[in-house]
file start_12.cif (mmCIF, C-alpha atoms)
data_entry
#
loop_
_atom_site.label_atom_id
_atom_site.label_comp_id
_atom_site.auth_asym_id
_atom_site.auth_seq_id
_atom_site.Cartn_x
_atom_site.Cartn_y
_atom_site.Cartn_z
CA ASP A 1 12.31 -6.47 18.20
CA VAL A 2 9.16 -5.46 19.99
CA LYS A 3 6.08 -5.88 17.86
CA VAL A 4 2.87 -3.96 18.52
CA THR A 5 0.16 -5.04 16.12
CA GLN A 6 -3.07 -3.20 15.50
CA SER A 7 -5.80 -5.23 13.88
CA SER A 8 -6.65 -2.83 11.03
CA ARG A 9 -4.82 -0.05 9.15
CA TYR A 10 -8.02 1.44 7.79
CA LEU A 11 -11.58 1.09 9.06
CA VAL A 12 -14.85 2.66 7.96
CA LYS A 13 -17.88 2.46 10.23
CA ARG A 14 -21.27 4.14 10.50
CA THR A 15 -22.58 6.48 13.17
CA GLY A 16 -24.02 4.57 16.10
CA GLU A 17 -22.10 1.36 15.47
CA LYS A 18 -20.07 -0.30 18.24
CA VAL A 19 -16.46 -0.36 17.10
CA PHE A 20 -13.63 -2.51 18.42
CA LEU A 21 -9.96 -1.66 17.85
CA GLU A 22 -7.56 -4.40 18.87
CA CYS A 23 -3.91 -4.16 19.87
CA VAL A 24 -1.51 -6.98 20.64
CA GLN A 25 2.10 -6.75 21.89
CA ASP A 26 4.59 -9.59 22.04
CA MET A 27 7.06 -8.41 24.70
CA ASP A 28 5.18 -9.03 27.94
CA HIS A 29 4.98 -5.28 28.63
CA GLU A 30 3.04 -4.17 31.68
CA ASN A 31 1.87 -0.84 30.28
CA MET A 32 -0.37 -0.36 27.27
CA PHE A 33 -1.84 2.85 25.89
CA TRP A 34 -4.45 4.05 23.41
CA TYR A 35 -4.03 7.45 21.75
CA ARG A 36 -5.79 9.40 19.08
CA GLN A 37 -3.93 11.75 16.80
CA ASP A 38 -5.56 14.71 15.10
CA PRO A 39 -3.96 17.45 12.97
CA GLY A 40 -2.66 20.31 15.09
CA LEU A 41 -3.45 18.54 18.36
CA GLY A 42 -0.75 15.91 18.57
CA LEU A 43 -1.26 12.62 20.37
CA ARG A 44 -3.82 12.59 23.15
CA LEU A 45 -4.17 9.77 25.64
CA ILE A 46 -7.56 8.07 25.72
CA TYR A 47 -6.95 5.24 28.21
CA PHE A 48 -4.04 3.28 29.55
CA SER A 49 -3.55 0.03 31.42
CA TYR A 50 -0.75 -0.90 33.77
CA ASP A 51 -1.77 -4.51 34.35
CA VAL A 52 -4.34 -7.09 33.36
CA LYS A 53 -7.86 -5.89 34.16
CA MET A 54 -6.43 -2.55 35.39
CA LYS A 55 -7.20 0.62 33.49
CA GLU A 56 -7.13 4.37 33.98
CA LYS A 57 -8.69 7.21 32.07
CA GLY A 58 -6.43 9.43 30.06
CA ASP A 59 -7.13 12.96 28.92
CA ILE A 60 -10.06 12.26 26.56
CA PRO A 61 -11.90 9.10 27.67
CA GLU A 62 -15.43 10.27 26.86
CA GLY A 63 -17.16 8.00 24.36
CA TYR A 64 -14.57 5.23 24.76
CA SER A 65 -14.00 2.19 26.93
CA VAL A 66 -11.20 -0.38 27.08
CA SER A 67 -10.64 -4.00 27.95
CA ARG A 68 -7.51 -5.82 29.03
CA GLU A 69 -8.34 -9.43 29.79
CA LYS A 70 -4.88 -10.73 28.83
CA LYS A 71 -1.51 -9.03 29.27
CA GLU A 72 -0.72 -8.97 25.57
CA ARG A 73 -4.03 -7.55 24.34
CA PHE A 74 -5.58 -4.13 24.88
CA SER A 75 -8.85 -3.31 23.17
CA LEU A 76 -10.40 0.09 22.57
CA ILE A 77 -14.18 0.21 22.24
CA LEU A 78 -16.28 2.98 20.78
CA GLU A 79 -19.66 2.26 22.36
CA SER A 80 -21.67 4.27 19.82
CA ALA A 81 -19.46 5.75 17.14
CA SER A 82 -19.87 9.40 16.24
CA THR A 83 -18.38 11.45 13.42
CA ASN A 84 -16.14 13.37 15.84
CA GLN A 85 -14.37 10.10 16.57
CA THR A 86 -12.97 10.00 13.04
CA SER A 87 -9.23 10.00 13.70
CA MET A 88 -5.95 8.09 13.65
CA TYR A 89 -5.79 5.71 16.62
CA LEU A 90 -2.42 4.52 17.91
CA CYS A 91 -1.66 1.81 20.43
CA ALA A 92 1.59 1.62 22.38
CA SER A 93 3.20 -0.57 25.00
CA SER A 94 6.17 -0.25 27.32
CA ASP A 95 7.97 -1.55 30.34
CA GLN A 96 8.25 0.73 33.34
CA ASN A 97 10.45 3.79 32.64
CA GLN A 98 11.25 2.57 29.13
CA PRO A 99 10.36 4.07 25.72
CA GLN A 100 6.93 3.28 24.36
CA HIS A 101 6.66 1.08 21.28
CA PHE A 102 3.91 2.05 18.87
CA GLY A 103 1.72 0.16 16.45
CA ASP A 104 1.27 1.37 12.87
CA GLY A 105 -2.05 3.02 13.68
CA THR A 106 -5.64 2.57 12.57
CA ARG A 107 -7.20 5.32 10.48
CA LEU A 108 -10.86 5.20 11.48
CA SER A 109 -13.56 6.99 9.53
CA ILE A 110 -17.07 7.30 10.95
CA LEU A 111 -19.67 8.12 8.31
CA LYS B 1 -0.25 27.54 27.96
CA ASN B 2 0.84 24.14 26.68
CA GLU B 3 3.18 22.20 28.91
CA VAL B 4 5.39 21.37 25.95
CA GLU B 5 6.11 23.56 22.93
CA GLN B 6 8.05 22.63 19.81
CA SER B 7 9.61 24.91 17.25
CA PRO B 8 9.52 25.27 14.39
CA GLN B 9 6.19 23.69 13.43
CA ASN B 10 7.35 23.25 9.85
CA LEU B 11 10.87 23.10 8.47
CA THR B 12 12.15 22.72 4.92
CA ALA B 13 15.84 22.03 4.38
CA GLN B 14 18.17 21.16 1.54
CA GLU B 15 19.94 17.83 1.55
CA GLY B 16 23.15 18.04 3.57
CA GLU B 17 22.05 20.86 5.86
CA PHE B 18 22.39 20.75 9.64
CA ILE B 19 18.93 20.77 11.24
CA THR B 20 17.84 21.74 14.74
CA ILE B 21 14.41 21.16 16.25
CA ASN B 22 13.64 22.64 19.65
CA CYS B 23 11.44 21.57 22.55
CA SER B 24 10.67 23.73 25.58
CA TYR B 25 8.61 22.63 28.54
CA SER B 26 7.22 24.14 31.70
CA VAL B 27 6.85 21.21 34.12
CA GLY B 28 9.15 18.93 36.05
CA ILE B 29 10.01 15.75 34.20
CA SER B 30 11.75 12.45 34.79
CA ALA B 31 12.67 12.00 31.10
CA LEU B 32 12.17 13.50 27.66
CA HIS B 33 11.59 11.46 24.51
CA TRP B 34 12.16 12.29 20.87
CA LEU B 35 9.98 10.33 18.45
CA GLN B 36 9.87 10.10 14.66
CA GLN B 37 6.73 9.56 12.63
CA HIS B 38 6.92 8.87 8.90
CA PRO B 39 3.99 9.43 6.54
CA GLY B 40 1.57 6.56 6.98
CA GLY B 41 1.63 6.59 10.75
CA GLY B 42 4.25 4.44 12.47
CA ILE B 43 6.04 6.13 15.38
CA VAL B 44 9.56 5.18 16.38
CA SER B 45 11.34 6.20 19.56
CA LEU B 46 14.66 7.91 18.76
CA PHE B 47 15.94 8.97 22.16
CA MET B 48 15.04 8.96 25.84
CA LEU B 49 16.96 11.57 27.82
CA SER B 50 17.12 12.62 31.43
CA SER B 51 20.33 14.64 31.23
CA GLY B 52 23.17 15.62 28.91
CA LYS B 53 23.45 14.42 25.37
CA LYS B 54 22.91 11.28 23.30
CA LYS B 55 24.04 10.45 19.78
CA HIS B 56 22.86 7.82 17.34
CA GLY B 57 24.28 7.95 13.86
CA ARG B 58 23.54 11.41 12.41
CA LEU B 59 21.09 12.26 15.18
CA ILE B 60 22.05 14.08 18.37
CA ALA B 61 19.72 14.96 21.24
CA THR B 62 20.55 17.30 24.09
CA ILE B 63 18.69 18.38 27.18
CA ASN B 64 19.19 21.22 29.67
CA ILE B 65 17.14 20.40 32.75
CA GLN B 66 17.67 23.81 34.40
CA GLU B 67 16.45 25.68 31.32
CA LYS B 68 13.72 23.09 30.57
CA HIS B 69 14.83 22.81 26.97
CA SER B 70 15.86 20.05 24.60
CA SER B 71 17.12 20.04 21.02
CA LEU B 72 17.23 17.39 18.32
CA HIS B 73 19.95 17.86 15.73
CA ILE B 74 20.31 16.09 12.40
CA THR B 75 23.69 16.33 10.70
CA ALA B 76 24.11 15.89 6.94
CA SER B 77 20.35 15.71 6.43
CA HIS B 78 18.92 13.40 3.79
CA PRO B 79 15.48 13.19 2.12
CA ARG B 80 14.79 10.00 4.08
CA ASP B 81 14.89 12.13 7.25
CA SER B 82 11.65 13.76 6.12
CA ALA B 83 9.13 13.00 8.86
CA VAL B 84 7.34 14.50 11.83
CA TYR B 85 9.54 14.76 14.91
CA ILE B 86 7.72 14.73 18.24
CA CYS B 87 8.96 15.72 21.68
CA ALA B 88 7.28 13.97 24.61
CA LEU B 89 7.66 14.42 28.37
CA ARG B 90 7.49 11.77 31.05
CA ARG B 91 6.38 13.36 34.31
CA GLY B 92 7.41 10.54 36.56
CA GLY B 93 5.40 8.29 38.81
CA ALA B 94 4.45 4.71 38.20
CA THR B 95 2.43 4.91 35.02
CA ASN B 96 4.92 5.92 32.30
CA LYS B 97 2.39 8.37 30.80
CA LEU B 98 3.71 10.88 28.25
CA ILE B 99 2.74 14.45 27.36
CA PHE B 100 3.27 15.09 23.64
CA GLY B 101 4.23 18.15 21.67
CA THR B 102 2.38 18.78 18.43
CA GLY B 103 5.39 17.86 16.33
CA THR B 104 7.71 19.43 13.77
CA LEU B 105 7.13 18.53 10.14
CA LEU B 106 10.51 18.27 8.43
CA ALA B 107 10.92 18.09 4.66
CA VAL B 108 14.43 17.56 3.29
CA GLN B 109 14.67 18.32 -0.40
CA PRO B 110 17.26 16.68 -2.64
#
call {"tool": "encode", "arguments": {"input": "start_12.cif", "output": "structure tokens"}}
result
Amino acid sequence: DVKVTQSSRYLVKRTGEKVFLECVQDMDHENMFWYRQDPGLGLRLIYFSYDVKMKEKGDIPEGYSVSREKKERFSLILESASTNQTSMYLCASSDQNQPQHFGDGTRLSIL
Amino acid sequence: KNEVEQSPQNLTAQEGEFITINCSYSVGISALHWLQQHPGGGIVSLFMLSSGKKKHGRLIATINIQEKHSSLHITASHPRDSAVYICALRRGGATNKLIFGTGTLLAVQP
């Protein structure tokens, strides 16, 4: 079975901190994705990557950056956390034209 | 107007009932996904459809490409089916990006 592992289930940080969310997949998938999920808005794509060191902005990239130095790892970075970035963050990976496999999510609170 | 709309937003059923969740969309797609999210977060892919019908256990998914509509059916519903069901569209192209509906919250009461 594909395993997508997010480093934390719950995280509390302070406004202005630099926050790192890590995601690792074990199936050699080319594509990796970061989403945030908010009530009433569904999942929204922040960034995705289709290869090592390759990345593209999604629908809501402002305030975020990403890093993919190795194929199995895709990191989401909040450069200076703000309270409106309090959300559930979900990572996913997939092969081309195949279903996405999701991690369990990180519930991030910014105080 | 949203590119993908789900109905209903909330659904409460009694154990054993037949359940239908609908997804309508307004753009061309290469595939449609149905996903399940249980309380606590984890999302599981149930089906990926580009035409016709698929069945897995008590779950059936159908799609009508001409009408831009898909349905997810649950037969003999059970409390463990309680979850959020999400419809997602794949537009095509090389990136495998999805467009998500806002989900249907299903509660099956014993």
call {"tool": "interface_residues", "arguments": {"input": "start_12.cif", "of": "chain B", "to": "chain A", "cutoff": "12 Å", "atoms": "all atoms listed in the file", "output": "VMD selection string"}}
result
chain B and resid 2 4 to 6 9 to 10 30 to 50 84 to 105
call {"tool": "residues_around", "arguments": {"input": "start_12.cif", "residues": "Leu72 of chain B", "least_positions_apart": "5", "cutoff": "8 Å", "atoms": "all atoms listed in the file", "output": "ChimeraX atom specification"}}
result
/B:20-22,34,59-62
call {"tool": "resolve_selection", "arguments": {"input": "start_12.cif", "expression": "the PyMOL selection byres ((chain B and resi 81) around 10)", "output": "JSON list (two decimals) with C-alpha atoms, in the frame of the given file"}}
result
[["chain", "number", "residue", "atom", "x", "y", "z"],
["B", 15, "GLU", "CA", 19.94, 17.83, 1.55],
["B", 36, "GLN", "CA", 9.87, 10.10, 14.66],
["B", 38, "HIS", "CA", 6.92, 8.87, 8.90],
["B", 74, "ILE", "CA", 20.31, 16.09, 12.40],
["B", 76, "ALA", "CA", 24.11, 15.89, 6.94],
["B", 77, "SER", "CA", 20.35, 15.71, 6.43],
["B", 78, "HIS", "CA", 18.92, 13.40, 3.79],
["B", 79, "PRO", "CA", 15.48, 13.19, 2.12],
["B", 80, "ARG", "CA", 14.79, 10.00, 4.08],
["B", 82, "SER", "CA", 11.65, 13.76, 6.12],
["B", 83, "ALA", "CA", 9.13, 13.00, 8.86],
["B", 84, "VAL", "CA", 7.34, 14.50, 11.83],
["B", 85, "TYR", "CA", 9.54, 14.76, 14.91],
["B", 106, "LEU", "CA", 10.51, 18.27, 8.43],
["B", 107, "ALA", "CA", 10.92, 18.09, 4.66],
["B", 108, "VAL", "CA", 14.43, 17.56, 3.29],
["B", 109, "GLN", "CA", 14.67, 18.32, -0.40]]
call {"tool": "atom_distance", "arguments": {"input": "start_12.cif", "atom1": "atom CA of Gln25 of chain A", "atom2": "atom CA of Ile60 of chain A"}}
result
23.0 Å
call {"tool": "closest_residue", "arguments": {"input": "start_12.cif", "among": "B:Ser7, B:His69, B:Thr12, B:Thr75", "to": "Gly57 of chain B", "atoms": "all atoms listed in the file"}}
result
B:Thr75
call {"tool": "closest_residue", "arguments": {"input": "start_12.cif", "among": "B:Ser71, B:Asn64, B:Ser51, B:Ser26", "to": "Glu3 of chain B", "atoms": "all atoms listed in the file"}}
result
B:Ser26
call {"tool": "build_atoms", "arguments": {"input": "start_12.cif", "residues": "segment 12-36 of chain A", "atoms": "N, CA and C atoms", "output": "compact mmCIF listing (two decimals), in the frame of the given file"}}
result
# COMPACT_ATOMS: atom_id res chain seq x y z
N VAL A 12 -13.73 1.74 8.20
CA VAL A 12 -14.85 2.66 7.96
C VAL A 12 -16.08 2.09 8.65
N LYS A 13 -16.70 2.89 9.49
CA LYS A 13 -17.88 2.46 10.23
C LYS A 13 -18.95 3.55 10.12
N ARG A 14 -20.15 3.19 10.56
CA ARG A 14 -21.27 4.14 10.50
C ARG A 14 -21.59 4.67 11.89
N THR A 15 -22.14 5.85 11.93
CA THR A 15 -22.58 6.48 13.17
C THR A 15 -23.49 5.54 13.94
N GLY A 16 -23.21 5.42 15.24
CA GLY A 16 -24.02 4.57 16.10
C GLY A 16 -23.53 3.14 16.25
N GLU A 17 -22.63 2.72 15.38
CA GLU A 17 -22.10 1.36 15.47
C GLU A 17 -21.18 1.23 16.69
N LYS A 18 -21.06 0.02 17.21
CA LYS A 18 -20.07 -0.30 18.24
C LYS A 18 -18.82 -0.76 17.51
N VAL A 19 -17.70 -0.12 17.83
CA VAL A 19 -16.46 -0.36 17.10
C VAL A 19 -15.40 -0.89 18.07
N PHE A 20 -14.70 -1.91 17.63
CA PHE A 20 -13.63 -2.51 18.42
C PHE A 20 -12.30 -2.31 17.68
N LEU A 21 -11.32 -1.74 18.37
CA LEU A 21 -9.96 -1.66 17.85
C LEU A 21 -9.08 -2.53 18.75
N GLU A 22 -8.35 -3.44 18.11
CA GLU A 22 -7.56 -4.40 18.87
C GLU A 22 -6.08 -4.10 18.75
N CYS A 23 -5.36 -4.37 19.83
CA CYS A 23 -3.91 -4.16 19.87
C CYS A 23 -3.26 -5.31 20.62
N VAL A 24 -2.22 -5.87 20.02
CA VAL A 24 -1.51 -6.98 20.64
C VAL A 24 -0.02 -6.67 20.65
N GLN A 25 0.63 -6.91 21.80
CA GLN A 25 2.10 -6.75 21.89
C GLN A 25 2.71 -8.08 22.31
N ASP A 26 3.97 -8.28 21.86
CA ASP A 26 4.59 -9.59 22.04
C ASP A 26 5.76 -9.58 23.00
N MET A 27 5.88 -8.52 23.83
CA MET A 27 7.06 -8.41 24.70
C MET A 27 6.71 -8.42 26.18
N ASP A 28 5.54 -8.88 26.52
CA ASP A 28 5.18 -9.03 27.94
C ASP A 28 5.24 -7.70 28.69
N HIS A 29 4.96 -6.59 27.99
CA HIS A 29 4.98 -5.28 28.63
C HIS A 29 3.80 -5.12 29.59
N GLU A 30 4.09 -4.43 30.70
CA GLU A 30 3.04 -4.17 31.68
C GLU A 30 2.08 -3.08 31.20
N ASN A 31 2.65 -2.03 30.62
CA ASN A 31 1.87 -0.84 30.28
C ASN A 31 1.41 -0.88 28.84
N MET A 32 0.15 -0.52 28.62
CA MET A 32 -0.37 -0.36 27.27
C MET A 32 -1.23 0.89 27.21
N PHE A 33 -1.24 1.52 26.04
CA PHE A 33 -1.84 2.85 25.89
C PHE A 33 -2.65 2.91 24.59
N TRP A 34 -3.73 3.67 24.62
CA TRP A 34 -4.45 4.05 23.41
C TRP A 34 -4.45 5.57 23.28
N TYR A 35 -4.05 6.03 22.08
CA TYR A 35 -4.03 7.45 21.75
C TYR A 35 -4.87 7.70 20.51
N ARG A 36 -5.32 8.95 20.38
CA ARG A 36 -5.79 9.40 19.08
C ARG A 36 -4.95 10.59 18.66
